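Content type TSV, C-alpha atoms, from the file final.tsv:
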chain	number	residue	atom	x	y	z
A	1	MET	CA	0.00	0.00	0.00
A	2	ARG	CA	1.20	3.50	-0.78
A	3	TYR	CA	0.72	6.39	1.65
A	4	MET	CA	0.39	10.16	1.35
A	5	GLU	CA	-0.14	13.20	3.53
A	6	LEU	CA	-3.76	14.23	4.08
A	7	GLY	CA	-3.69	17.77	2.71
A	8	SER	CA	-1.42	19.81	5.00
A	9	SER	CA	-2.60	18.06	8.18
A	10	GLY	CA	0.48	15.95	8.81
A	11	ILE	CA	-1.77	12.87	8.97
A	12	GLN	CA	-0.47	9.97	6.87
A	13	VAL	CA	-3.21	8.11	5.01
A	14	SER	CA	-3.24	5.16	2.67
A	15	LYS	CA	-3.64	6.21	-0.95
A	16	MET	CA	-6.75	4.04	-0.97
A	17	GLY	CA	-9.55	4.43	1.58
A	18	LEU	CA	-12.45	2.12	2.38
A	19	GLY	CA	-15.91	3.61	1.82
A	20	THR	CA	-18.70	2.08	3.91
A	21	TRP	CA	-21.89	3.32	2.28
A	22	ALA	CA	-22.87	-0.15	0.99
A	23	ILE	CA	-21.72	-1.77	4.24
A	24	GLY	CA	-24.38	0.27	6.03
A	25	GLY	CA	-27.05	-1.60	4.06
A	26	GLY	CA	-30.63	-0.40	4.04
A	27	PRO	CA	-33.11	0.27	1.21
A	28	ALA	CA	-30.52	1.97	-1.03
A	29	TRP	CA	-28.53	-1.27	-1.16
A	30	SER	CA	-31.31	-3.85	-1.00
A	31	GLY	CA	-30.29	-4.84	2.52
A	32	GLY	CA	-26.49	-5.00	2.38
A	33	PRO	CA	-24.11	-7.58	3.90
A	34	SER	CA	-24.45	-9.26	7.28
A	35	GLU	CA	-23.03	-7.28	10.18
A	36	GLN	CA	-20.26	-9.82	10.76
A	37	ASN	CA	-19.29	-9.77	7.12
A	38	ALA	CA	-19.23	-5.97	7.18
A	39	VAL	CA	-16.99	-5.92	10.26
A	40	ASP	CA	-14.69	-8.55	8.71
A	41	THR	CA	-14.41	-6.39	5.58
A	42	ILE	CA	-13.24	-3.37	7.59
A	43	ILE	CA	-10.72	-5.49	9.51
A	44	GLU	CA	-9.37	-6.98	6.27
A	45	ALA	CA	-8.87	-3.44	4.94
A	46	ALA	CA	-6.60	-2.72	7.91
A	47	HIS	CA	-4.69	-5.95	7.23
A	48	GLN	CA	-4.16	-4.78	3.64
A	49	GLY	CA	-2.66	-1.49	4.83
A	50	ILE	CA	-5.78	0.60	4.18
A	51	ASN	CA	-5.86	2.89	7.21
A	52	MET	CA	-8.57	5.35	6.07
A	53	VAL	CA	-12.18	4.31	6.77
A	54	ASP	CA	-14.92	6.61	5.49
A	55	THR	CA	-18.47	6.59	6.82
A	56	ALA	CA	-21.37	9.01	7.37
A	57	PRO	CA	-24.52	9.29	9.49
A	58	GLY	CA	-26.58	9.43	6.30
A	59	TYR	CA	-25.48	5.92	5.33
A	60	ASN	CA	-28.62	4.06	6.43
A	61	PHE	CA	-29.46	6.37	9.33
A	62	GLY	CA	-26.34	5.77	11.40
A	63	ALA	CA	-26.06	2.02	10.73
A	64	SER	CA	-22.77	2.36	8.85
A	65	GLU	CA	-21.19	4.35	11.69
A	66	GLU	CA	-22.32	1.74	14.22
A	67	ILE	CA	-20.74	-1.06	12.16
A	68	VAL	CA	-17.50	0.89	11.80
A	69	GLY	CA	-17.56	1.41	15.57
A	70	LYS	CA	-17.80	-2.33	16.16
A	71	ALA	CA	-14.85	-2.94	13.85
A	72	LEU	CA	-12.81	-0.24	15.63
A	73	LYS	CA	-13.06	-2.25	18.86
A	74	GLN	CA	-10.99	-4.97	17.17
A	75	LEU	CA	-8.38	-2.57	15.73
A	76	ASP	CA	-5.76	-0.18	17.09
A	77	ARG	CA	-7.71	3.10	17.05
A	78	GLU	CA	-4.56	5.20	16.67
A	79	LYS	CA	-3.71	3.39	13.43
A	80	VAL	CA	-7.10	4.12	11.85
A	81	VAL	CA	-7.80	7.42	10.09
A	82	LEU	CA	-11.51	7.73	10.75
A	83	VAL	CA	-13.63	9.85	8.43
A	84	THR	CA	-17.25	10.77	8.93
A	85	LYS	CA	-19.52	13.61	7.85
A	86	CYS	CA	-22.15	16.12	8.87
A	87	GLY	CA	-24.99	17.95	7.17
A	88	VAL	CA	-27.46	15.12	6.45
A	89	VAL	CA	-30.00	14.56	9.23
A	90	TRP	CA	-33.29	12.76	9.77
A	91	ASN	CA	-34.10	13.43	13.42
A	92	ARG	CA	-34.58	17.19	13.04
A	93	LYS	CA	-35.90	19.46	10.31
A	94	GLY	CA	-33.79	20.94	7.55
A	95	SER	CA	-34.04	21.45	3.81
A	96	VAL	CA	-35.87	18.46	2.33
A	97	TRP	CA	-33.53	16.15	0.45
A	98	ASN	CA	-33.76	12.43	-0.35
A	99	LYS	CA	-36.29	9.96	0.94
A	100	VAL	CA	-34.85	6.52	1.70
A	101	GLY	CA	-37.50	3.89	2.14
A	102	ASP	CA	-40.19	5.64	4.15
A	103	ARG	CA	-37.79	7.97	5.99
A	104	GLN	CA	-37.00	11.54	5.00
A	105	LEU	CA	-33.48	12.97	4.95
A	106	TYR	CA	-32.73	16.69	5.32
A	107	LYS	CA	-29.73	18.90	4.62
A	108	LEU	CA	-28.74	21.02	7.63
A	109	LEU	CA	-25.41	22.69	8.43
A	110	THR	CA	-26.20	25.16	11.19
A	111	PRO	CA	-23.46	25.38	13.86
A	112	GLU	CA	-25.91	24.01	16.42
A	113	SER	CA	-26.75	20.98	14.28
A	114	VAL	CA	-23.09	20.31	13.42
A	115	LYS	CA	-22.17	20.21	17.11
A	116	LEU	CA	-25.04	17.82	17.82
A	117	GLU	CA	-24.02	15.60	14.92
A	118	VAL	CA	-20.45	15.30	16.15
A	119	GLU	CA	-21.64	14.01	19.51
A	120	GLU	CA	-24.07	11.57	17.88
A	121	SER	CA	-21.35	10.25	15.56
A	122	LEU	CA	-18.79	9.90	18.37
A	123	GLN	CA	-21.31	7.82	20.30
A	124	ARG	CA	-22.15	5.54	17.37
A	125	LEU	CA	-18.47	5.14	16.48
A	126	GLY	CA	-17.38	4.50	20.07
A	127	THR	CA	-14.48	6.96	19.94
A	128	ASP	CA	-13.63	10.37	21.38
A	129	TYR	CA	-12.25	11.97	18.23
A	130	ILE	CA	-12.73	11.95	14.46
A	131	ASP	CA	-9.64	12.29	12.27
A	132	LEU	CA	-11.33	13.93	9.30
A	133	TYR	CA	-14.76	15.54	9.61
A	134	MET	CA	-16.46	16.48	6.36
A	135	THR	CA	-19.51	18.40	5.28
A	136	HIS	CA	-21.48	15.83	3.28
A	137	TRP	CA	-23.46	18.21	1.06
A	138	PRO	CA	-23.70	22.01	0.86
A	139	SER	CA	-26.65	23.56	2.68
A	140	VAL	CA	-29.51	24.86	0.56
A	141	PRO	CA	-32.62	27.02	1.14
A	142	PRO	CA	-34.77	27.29	3.12
A	143	PHE	CA	-32.31	26.19	5.84
A	144	GLU	CA	-29.24	27.61	4.12
A	145	THR	CA	-26.26	28.37	6.36
A	146	PRO	CA	-23.30	30.49	5.18
A	147	ILE	CA	-20.14	28.42	4.82
A	148	ALA	CA	-18.31	30.75	7.20
A	149	GLU	CA	-20.79	29.92	9.99
A	150	THR	CA	-20.52	26.17	9.45
A	151	VAL	CA	-16.73	26.35	9.28
A	152	GLY	CA	-16.69	28.42	12.47
A	153	ALA	CA	-18.24	25.47	14.29
A	154	LEU	CA	-15.80	23.05	12.64
A	155	ASN	CA	-12.83	25.19	13.69
A	156	GLU	CA	-14.14	25.17	17.27
A	157	LEU	CA	-14.41	21.37	17.21
A	158	LYS	CA	-10.86	21.18	15.89
A	159	LYS	CA	-9.57	23.35	18.74
A	160	GLU	CA	-11.42	21.13	21.22
A	161	GLY	CA	-9.72	18.03	19.77
A	162	LYS	CA	-12.96	16.36	18.70
A	163	ILE	CA	-11.85	16.51	15.06
A	164	ARG	CA	-8.34	16.69	13.59
A	165	ALA	CA	-8.94	17.87	10.04
A	166	ILE	CA	-11.70	19.35	7.89
A	167	GLY	CA	-12.98	18.19	4.50
A	168	ALA	CA	-15.86	18.85	2.12
A	169	ALA	CA	-17.81	16.68	-0.31
A	170	ASN	CA	-19.98	17.58	-3.28
A	171	VAL	CA	-18.86	21.22	-3.29
A	172	SER	CA	-18.36	23.61	-6.19
A	173	ILE	CA	-15.12	25.42	-7.00
A	174	GLU	CA	-16.62	28.66	-5.65
A	175	GLN	CA	-17.59	26.95	-2.40
A	176	ILE	CA	-14.10	25.52	-1.98
A	177	HIS	CA	-12.69	29.05	-2.18
A	178	GLU	CA	-15.11	30.06	0.59
A	179	TYR	CA	-13.83	27.21	2.75
A	180	LEU	CA	-10.24	28.24	2.11
A	181	ASP	CA	-11.04	31.75	3.32
A	182	CYS	CA	-12.15	30.31	6.69
A	183	CYS	CA	-10.14	27.17	7.43
A	184	GLU	CA	-7.43	24.74	6.46
A	185	LEU	CA	-9.21	22.42	4.07
A	186	ASP	CA	-7.40	19.09	3.82
A	187	LEU	CA	-9.61	16.95	1.60
A	188	VAL	CA	-12.27	17.42	-1.05
A	189	GLN	CA	-14.22	14.53	-2.51
A	190	GLY	CA	-15.19	14.39	-6.15
A	191	LYS	CA	-16.64	11.68	-8.34
A	192	TYR	CA	-13.82	10.34	-10.48
A	193	ASN	CA	-13.44	7.21	-12.53
A	194	VAL	CA	-12.51	6.34	-16.09
A	195	LEU	CA	-16.11	7.11	-17.17
A	196	GLU	CA	-16.50	10.29	-15.09
A	197	ARG	CA	-13.49	12.59	-15.56
A	198	GLY	CA	-14.98	16.06	-15.02
A	199	VAL	CA	-12.80	16.80	-11.96
A	200	GLU	CA	-9.77	16.98	-14.25
A	201	ASN	CA	-11.02	20.29	-15.65
A	202	ASP	CA	-11.15	22.29	-12.43
A	203	LEU	CA	-11.16	20.43	-9.12
A	204	LEU	CA	-7.86	18.59	-9.52
A	205	PRO	CA	-5.92	21.71	-10.58
A	206	LEU	CA	-7.38	23.64	-7.63
A	207	CYS	CA	-6.41	20.89	-5.20
A	208	ARG	CA	-2.86	20.84	-6.54
A	209	GLU	CA	-2.60	24.62	-6.14
A	210	HIS	CA	-3.79	24.63	-2.52
A	211	ARG	CA	-2.31	21.31	-1.35
A	212	ILE	CA	-5.69	19.67	-0.83
A	213	THR	CA	-6.10	15.92	-1.20
A	214	MET	CA	-8.63	15.11	-3.93
A	215	GLN	CA	-10.39	11.90	-2.98
A	216	ALA	CA	-12.07	10.06	-5.83
A	217	TYR	CA	-15.34	8.45	-4.83
A	218	SER	CA	-17.34	5.96	-6.89
A	219	PRO	CA	-14.17	4.82	-8.73
A	220	LEU	CA	-16.00	1.73	-10.00
A	221	GLU	CA	-19.21	3.62	-10.88
A	222	GLN	CA	-21.10	1.82	-8.09
A	223	GLY	CA	-20.10	-1.59	-9.40
A	224	LEU	CA	-20.51	-1.14	-13.15
A	225	LEU	CA	-16.72	-1.14	-13.67
A	226	THR	CA	-16.30	-4.47	-11.89
A	227	GLY	CA	-16.89	-6.41	-15.10
A	228	THR	CA	-19.38	-8.63	-13.28
A	229	ILE	CA	-22.60	-6.96	-14.45
A	230	SER	CA	-24.59	-8.72	-17.17
A	231	LYS	CA	-26.23	-6.81	-20.00
A	232	ASP	CA	-29.72	-7.81	-18.90
A	233	TYR	CA	-29.28	-6.39	-15.38
A	234	ARG	CA	-31.64	-3.57	-14.40
A	235	PRO	CA	-31.45	-1.75	-11.03
A	236	GLU	CA	-34.64	-2.04	-8.99
A	237	PRO	CA	-36.62	1.18	-8.44
A	238	GLY	CA	-35.18	3.01	-5.46
A	239	ASN	CA	-31.77	1.35	-5.84
A	240	ALA	CA	-28.88	3.84	-5.65
A	241	ARG	CA	-27.90	2.94	-9.23
A	242	ALA	CA	-31.32	3.41	-10.82
A	243	ASN	CA	-30.98	7.05	-11.85
A	244	LYS	CA	-27.27	7.05	-12.77
A	245	LYS	CA	-26.26	7.87	-16.35
A	246	TRP	CA	-24.08	4.86	-17.07
A	247	TRP	CA	-26.60	2.39	-15.64
A	248	GLN	CA	-29.25	3.35	-18.18
A	249	PRO	CA	-30.16	0.85	-20.95
A	250	GLY	CA	-27.91	1.43	-23.92
A	251	ASN	CA	-25.14	3.09	-21.93
A	252	MET	CA	-24.64	0.09	-19.66
A	253	GLU	CA	-24.21	-2.34	-22.54
A	254	ARG	CA	-21.58	-0.14	-24.22
A	255	VAL	CA	-19.59	0.07	-20.99
A	256	ILE	CA	-19.65	-3.71	-20.64
A	257	ASP	CA	-18.35	-4.09	-24.20
A	258	MET	CA	-15.53	-1.63	-23.41
A	259	LEU	CA	-14.53	-3.66	-20.35
A	260	ASP	CA	-14.49	-6.85	-22.41
A	261	GLY	CA	-12.01	-5.11	-24.70
A	262	TRP	CA	-9.67	-4.50	-21.75
A	263	LYS	CA	-9.15	-8.17	-20.93
A	264	PRO	CA	-5.75	-8.23	-22.69
A	265	LEU	CA	-4.67	-5.38	-20.40
A	266	CYS	CA	-5.74	-7.46	-17.40
A	267	GLU	CA	-3.54	-10.28	-18.66
A	268	LYS	CA	-0.64	-7.86	-19.16
A	269	TYR	CA	-0.87	-6.47	-15.62
A	270	ASP	CA	-2.04	-9.74	-14.02
A	271	CYS	CA	-5.16	-8.24	-12.50
A	272	SER	CA	-8.94	-8.21	-12.72
A	273	ILE	CA	-11.10	-5.61	-14.51
A	274	PRO	CA	-12.01	-3.69	-11.32
A	275	THR	CA	-8.39	-3.68	-10.17
A	276	LEU	CA	-7.35	-2.28	-13.55
A	277	CYS	CA	-9.95	0.49	-13.28
A	278	LEU	CA	-8.77	1.39	-9.77
A	279	ALA	CA	-5.15	1.36	-10.90
A	280	TRP	CA	-6.07	3.79	-13.71
A	281	ILE	CA	-7.03	6.35	-11.05
A	282	MET	CA	-4.04	5.48	-8.87
A	283	ASN	CA	-1.85	6.49	-11.81
A	284	GLN	CA	-3.46	9.90	-12.36
A	285	GLY	CA	-1.34	11.88	-9.88
A	286	ASP	CA	0.14	12.04	-6.40
A	287	GLU	CA	-2.68	14.31	-5.16
A	288	VAL	CA	-5.37	11.72	-5.88
A	289	ASN	CA	-6.69	9.44	-3.16
A	290	LEU	CA	-9.11	6.60	-3.89
A	291	LEU	CA	-12.25	5.81	-1.93
A	292	THR	CA	-13.22	2.22	-2.72
A	293	GLY	CA	-16.28	0.36	-1.54
A	294	ALA	CA	-16.38	-3.29	-0.55
A	295	THR	CA	-18.82	-5.60	1.21
A	296	GLU	CA	-16.65	-8.74	1.31
A	297	PRO	CA	-13.09	-9.24	2.63
A	298	ASP	CA	-11.94	-10.72	-0.67
A	299	GLN	CA	-13.11	-7.57	-2.48
A	300	VAL	CA	-10.77	-5.53	-0.28
A	301	VAL	CA	-7.86	-7.81	-1.18
A	302	MET	CA	-8.63	-7.36	-4.88
A	303	ASN	CA	-8.93	-3.58	-4.54
A	304	ALA	CA	-5.68	-3.22	-2.59
A	305	ARG	CA	-3.82	-4.94	-5.44
A	306	ALA	CA	-4.33	-1.74	-7.49
A	307	ALA	CA	-1.81	0.11	-5.32
A	308	ASP	CA	1.00	-2.04	-6.73
A	309	ILE	CA	0.16	-1.63	-10.43
A	310	VAL	CA	1.94	0.95	-12.58
A	311	ILE	CA	0.15	1.25	-15.93
A	312	ASP	CA	2.33	2.54	-18.76
A	313	GLU	CA	1.42	5.79	-20.51
A	314	GLU	CA	0.25	4.15	-23.73
A	315	ASP	CA	-2.20	1.90	-21.90
A	316	LEU	CA	-3.46	4.79	-19.74
A	317	ARG	CA	-4.12	6.72	-22.93
A	318	THR	CA	-5.89	3.78	-24.57
A	319	MET	CA	-8.24	3.38	-21.61
A	320	ARG	CA	-9.00	7.10	-21.61
A	321	GLU	CA	-9.68	7.16	-25.35
A	322	ASP	CA	-11.99	4.15	-25.13
A	323	ALA	CA	-13.98	5.82	-22.34
A	324	GLU	CA	-14.11	9.16	-24.18
A	325	ALA	CA	-15.59	7.36	-27.19
A	326	LEU	CA	-18.63	6.41	-25.09
A	327	ASP	CA	-19.52	10.10	-24.71
A	328	ARG	CA	-19.82	10.65	-28.44

What would you get if you wrote out this structure as C-alpha cells?
Amino acid sequence: MRYMELGSSGIQVSKMGLGTWAIGGGPAWSGGPSEQNAVDTIIEAAHQGINMVDTAPGYNFGASEEIVGKALKQLDREKVVLVTKCGVVWNRKGSVWNKVGDRQLYKLLTPESVKLEVEESLQRLGTDYIDLYMTHWPSVPPFETPIAETVGALNELKKEGKIRAIGAANVSIEQIHEYLDCCELDLVQGKYNVLERGVENDLLPLCREHRITMQAYSPLEQGLLTGTISKDYRPEPGNARANKKWWQPGNMERVIDMLDGWKPLCEKYDCSIPTLCLAWIMNQGDEVNLLTGATEPDQVVMNARAADIVIDEEDLRTMREDAEALDR
C-alpha cells in the first residue's frame, strides 16, 4: 500500500480508503451484507494497509457508523484514520432532500446541528475523536447556512480536539474558495473514474494549487466497472444505481463491451477488470486518493492490489480514449 499526507494536516493516510456506504445496508442497497461480514471487511482493509475508513450518518441512518464502531473495537484506534460527515439529518428538520424507504433525509449545516451531529457520531463510532470531519453536502434554502458559519463550528471542534482535520464533499469550486477563506481544508471529494473525468477540468488543478487531497469516490461507478454486471441487469426502483447515467439501458451495454475489450490489459498487468480500473485512477497523480467500496473481505484484497500496479502511458491513454468514445 502507498501512503500520502492528508492535505497539510500531517496525517499519513493510505492512498486508498475504504468507503462504507454499501456496508451500512438499508433500502438503497437492497439490505447489504451481514453485520459480521461488514466488520470482517473493515478489519481486512486494515490488514491490507488501508488505514482510512470513510463513513457518514446518512449511510442508512447511522447504521454504517455503528458497524464501523464495532470494527474499531478490534483494531488499534490510533492506526485508523476515521472519516465521517455532517450535514445530512433525519431526526430534526432541515431542507428536504432524499427519501430513503419511508424515511426523509434533510440537509442542515447550522453550527448548532453540526455540534449535535459530532456528539451523535462519536457515540455511534465509540471513539472520542474523528480524524477527518467532512460536510457531506452544501446547505440549501430554506435552511441555508453560510459556509463561514458552518466552518466556524468546525474550527471550534478542531480546537477542542474532537476533530483533527476538515474536508468537504460535493462542493463547487466557488464553495471551496469560501472554505479556504475560513479554514485549512485538507480533503475534497469528487466523483472520479474512467467514465466520469470532469474533476480533471477544475477540481484537480485547484487541489494541486492549494495542497488539498482530492479523494475520488465511486471509482467503479457503483459496481458497473467491476466487469461482473450482465447486459440484462436492471437496477430495482429506489436502488442507488437506478438514476445514474451509465446504468441506463444502452449506456450500460456499451460500458460492458468496453470492459471486455480490456481483458488483454488485465492479462498484461495480471489483474482483474475492477483492479485495472482502480489502478487507472491510482496512476493519475500524487494528489489523488481513492475511496473504494467493498462488502466482502476478498473484495478488499482485490482492490488493494491496485496500489502495486503501474500502468504505462500508452495503456493509460488507450483506456482514456476508449472511455471518451462512449460520450460521443

Atomic distance atom CA of A:Ile176 - atom CA of A:Val100, expressed in Å with one decimal: 28.4 Å

Residue nearest A:Ile281 among A:Thr110, A:Asn37, A:Gln215, A:Asn251 (counting all atoms listed in the file): A:Gln215

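Closest to A:Gln36 among A:Asp257, A:Glu221, A:Asp131, A:Glu296 is A:Glu296, based on all atoms listed in the file.
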
Nearest residue to A:Trp262 from the set A:Arg328, A:His47, A:Arg320, A:Arg211 (distances using all atoms listed in the file): A:Arg320

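Of the residues under consideration (A:Gly227, A:Gly238, A:Gly62, A:Gly152), A:Gly227 shows the shortest atom-to-atom contact distance to A:Lys263 when counting only C-alpha atoms.
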
Mind dumping a table of every stretch 10-30 of chain A residue within 12 Å of stretch 63-71 of chain A, with the nearest atom pair and its distance in Å to one decimal, using all atoms listed in the file, sorted by chain and rising number, as CSV?
residue,atom,partner,partner_atom,distance
A:Leu18,CA,A:Val68,CA,10.8
A:Gly19,CA,A:Ser64,CA,9.9
A:Thr20,CA,A:Ser64,CA,6.4
A:Trp21,CA,A:Ser64,CA,6.7
A:Ala22,CA,A:Ser64,CA,8.3
A:Ile23,CA,A:Ser64,CA,6.3
A:Gly24,CA,A:Ser64,CA,3.9
A:Gly25,CA,A:Ser64,CA,7.5
A:Gly26,CA,A:Ala63,CA,8.5
A:Pro27,CA,A:Ala63,CA,12.0

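The space between atom CA of A:Glu117 and atom CA of A:Gly17 spans 22.6 Å.
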
Two-atom distance - atom CA of A:Glu236, atom CA of A:Trp29 (Å): 10.0 Å

Long-range neighbours of A:Gln248 as a list in words, 10 Å cut-off, only C-alpha atoms, 6 positions minimum in chain: Arg234, Pro235, Arg241 and Ala242 of chain A

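Nearest to A:Ala325 of all the residues A:Leu195, A:Val301, A:Thr213, A:Leu278 is A:Leu195, counting only C-alpha atoms.
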
Proximity to A:Val118 - best of A:Ala56, A:Glu178, A:Ile173, A:Asp102, all atoms listed in the file: A:Ala56

Radius query 12 Å about (-15.1, 11.5, 19.6), atoms used: only C-alpha atoms, as a PyMOL selection string: chain A and resi 69+77+82-84+115-133+157-158+160-164

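Every protein or nucleic acid residue with an atom no more than 12 Å from A:His177, counting all atoms listed in the file and leaving out same-chain residues fewer than 5 positions away, appears here: Ile147, Ala148, Ala168, Val171, Ser172, Cys182, Cys183, Glu184, Leu185, Val188, Leu203, Leu206, Cys207, Glu209, His210 and Ile212 of chain A.
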
Contact residues around A:Val96 with only C-alpha atoms at 9 Å, ignoring same-chain residues under 6 positions, as a PyMOL selection string: chain A and resi 104-107+142

Shell around A:Thr145 at 8 Å using all atoms listed in the file, local window under 2 positions removed, as a ChimeraX atom specification: /A:108-110,139-140,143,147,149-150
